[in-house]
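See structure below.
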Amino acid sequence: MADVFVSGDQYHMFSPVLRAIRASFRKSHAPVAFAALLCLSTAPVLTHAAPTAAKTEAAPAPEGAKNTPPAFQGAAALLPDDAVTHHTDTFAGRKISYTARAGTLVLRDDAGKPTARMFYVAYTQDGADPAHRPVSFFFNGGPGAGTAYLHLGAAGPTMLSFPSGNPTDGANAKLALNPDSWLPQTDMVFLDAPGTGWSLPTDSKTADKTFYGVKQDARAFAKTIQLWASTNKRLASPRYLVGESYGGIRSIEVAEALAQQQNLLVNGIVMISPALDMTLLDTAANPLASALVLPSYEASRLALQHKLSPESAAHQLDEAYHYALGAYLSTLINTPPTGDAARDFYEDVATHTGLPQDVIAKERGAPDPGAHDVRSREGRLYSLYDGTLSIADPFPEGVSNSDSPDPVLAGFGRAYGSAFEQYAATALNFHTDLSYNLLSMKVNGAWDFRGDGEPIARQIPVLRRLLALNPTLRIFIANGYYDLACPFASSRWVAEHIPVGRNRIGLHLYPGGHMLYTRPETRAALAQDVKAFLSP
């Protein structure tokens, strides 16, 4: 998790501390607001439509849907009717004809009054047997992030491609056919959370209480999934959840809500760069969190020194993991060393991380991944989201953390918002005057992280129950080597401490950062591994 500072129209994310967690214990009756794990916002970047021909038609109501839609007021009234397009494209040498439907599903309260219009884009293969064809439901994280990242970054039929050799150039990103789309393996439904993308609550005054919290959010997604599956006669299809970043927590909560509230069990969950337990990301207060991020520092150092190869990576990362949870953590949790012992410890940490020893000493052996002096080295400013990715440091003399831009956060990642608007209008025939809300700071700031009777909702106990109650549930976790926001060691540590179903959790590591799919070779490897996961 990370703190967000707002300066003008810039969103800045820094050290992954959880001050709101600690505040929640002091104010147990106040909503707990967290900052986004993946805070990327829109910018007016021009892109080109993907090279795919589509046939369009007026969208009939799905079979079984009500013919008379409710009347909406305000922004919700500006969303158009569903749009249906038909496509034929070739993925990995396989020609596939499929139908895309972009539209909304209506959530209602107990009295039947509409509470939200949930935007979705569904891709379904034409002529496939729905009893055997899987359907996967996608969502991003934040909280407050739209799902354009996974849609155009990883799995959709169209991707946002960045210039070869210049991955930070979002201004020249282009839409193109995604050769690594997951469509050959699964139908896909991309869902925006209420208050993000084009998903709109009908009453902004009650949206905080109704939607913006761990448990409320899970209920909304579970009902939306049930509505889509029921309306499209897909209740008998194998079903999967796919979540990125905070979407890891969301996927666990949604799986629980689907089972307990909608009587739907999922076959599997795919988590990409997931947050699994917020306390495991709190490097300011939890020494274990500092230890779990250390292997990602070391992986970044090895890559920058050209010492990390496909043949050696597994062994090197395993050694880094055991050092972090062994000698490093043992020193960190004990009485702080002094004198020569302190100097030796800081030198050892500097050797492993590649960070300057004076910075390590100032940080007392536990470097804050978001701090400017930790990210700034030799005139380059490195990203919290990818320890190998950097830009020229605009403040090499030093600057307050709140004024230090992140290369991913404030840079190329912004391109996904306007790219999705372009794609929706040209390829999906979905036209609206509403801007696509790629990141909602309103949702983020209002988020309630409390559980049912808990100051902070804890997802690991929920995951343990899911694996025990559903003996065939399988979990796929993908992490990037260089992600300092949601480090791979955190996923490994959680998996190692699951008592039931550990053999049904697969950990997959790839060269890359938080948005690991932005690297073409990693996106392709992820798609191949997901293919195997979806075809057990």
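So you can find residues: chains in the structure tokens are A, B, ... in the order shown, residues in each start at 1, and ligands are numbered from 1 in order.
Residues lying within 10 Å of Ala207 in chain A, counting only C-alpha atoms and ignoring same-chain neighbours fewer than 3 positions away, are Thr115, Ala116, Pro194, Gly195, Leu200, Pro201, Thr202, Asp203, Ser204, Thr210, Phe211, Tyr212, Val443 and Ala446 of chain A.
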Residues just named, written with N, CA and C atoms as a short mmCIF file (atom, residue, chain, number, x, y, z; two decimals), in the first residue's frame:
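Saved the output as result.cif:
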data_model
loop_
_atom_site.label_atom_id
_atom_site.label_comp_id
_atom_site.auth_asym_id
_atom_site.auth_seq_id
_atom_site.Cartn_x
_atom_site.Cartn_y
_atom_site.Cartn_z
N THR A 115 -29.04 1.38 -7.71
CA THR A 115 -27.98 2.01 -6.94
C THR A 115 -26.72 2.27 -7.76
N ALA A 116 -26.55 1.57 -8.87
CA ALA A 116 -25.36 1.77 -9.71
C ALA A 116 -25.57 1.17 -11.08
N PRO A 194 -17.51 0.32 -8.88
CA PRO A 194 -18.34 1.53 -8.75
C PRO A 194 -17.48 2.77 -8.48
N GLY A 195 -17.76 3.83 -9.23
CA GLY A 195 -17.01 5.06 -9.07
C GLY A 195 -15.74 5.12 -9.89
N LEU A 200 -21.02 3.83 -12.53
CA LEU A 200 -21.49 5.01 -11.83
C LEU A 200 -22.55 4.68 -10.78
N PRO A 201 -22.33 5.05 -9.52
CA PRO A 201 -23.41 5.00 -8.53
C PRO A 201 -24.50 5.99 -8.93
N THR A 202 -25.73 5.67 -8.63
CA THR A 202 -26.83 6.56 -8.99
C THR A 202 -26.99 7.69 -7.99
N ASP A 203 -26.47 7.54 -6.78
CA ASP A 203 -26.59 8.57 -5.75
C ASP A 203 -25.21 8.81 -5.14
N SER A 204 -24.58 9.91 -5.50
CA SER A 204 -23.23 10.18 -5.02
C SER A 204 -23.20 10.41 -3.51
N THR A 210 -22.41 2.75 0.47
CA THR A 210 -22.94 1.63 -0.29
C THR A 210 -21.85 0.81 -0.98
N PHE A 211 -20.79 1.48 -1.47
CA PHE A 211 -19.83 0.79 -2.34
C PHE A 211 -18.37 0.89 -1.92
N TYR A 212 -17.95 1.96 -1.25
CA TYR A 212 -16.53 2.24 -1.11
C TYR A 212 -15.95 1.62 0.16
N VAL A 443 -12.91 7.83 -4.66
CA VAL A 443 -13.11 6.47 -4.17
C VAL A 443 -11.97 6.07 -3.25
N ALA A 446 -12.13 7.66 0.17
CA ALA A 446 -13.29 7.29 0.98
C ALA A 446 -13.26 5.83 1.42
#
Excluding range 230-242 of chain A and its own-chain neighbours fewer than 6 positions away, which residues fall within 7 Å of it when counting only C-alpha atoms? Please give them as a PyMOL selection string. chain A and resi 62-65+130-139+251+266-271
Residue nearest Pro455 in chain A among A:Ala111, A:Val214, A:Leu304, A:Ala341 (counting only C-alpha atoms): A:Val214
Quick one: everything within 6 Å of range 218-227 of chain A, counting only C-alpha atoms, minus sequence neighbours fewer than 5 positions away in the same chain. Send it as a PyMOL selection string. chain A and resi 253-254+257-258
DSSP strand (DSSP E) residues within range 70-126 of chain A, as a PyMOL selection string: chain A and resi 83-91+94-108+114-125
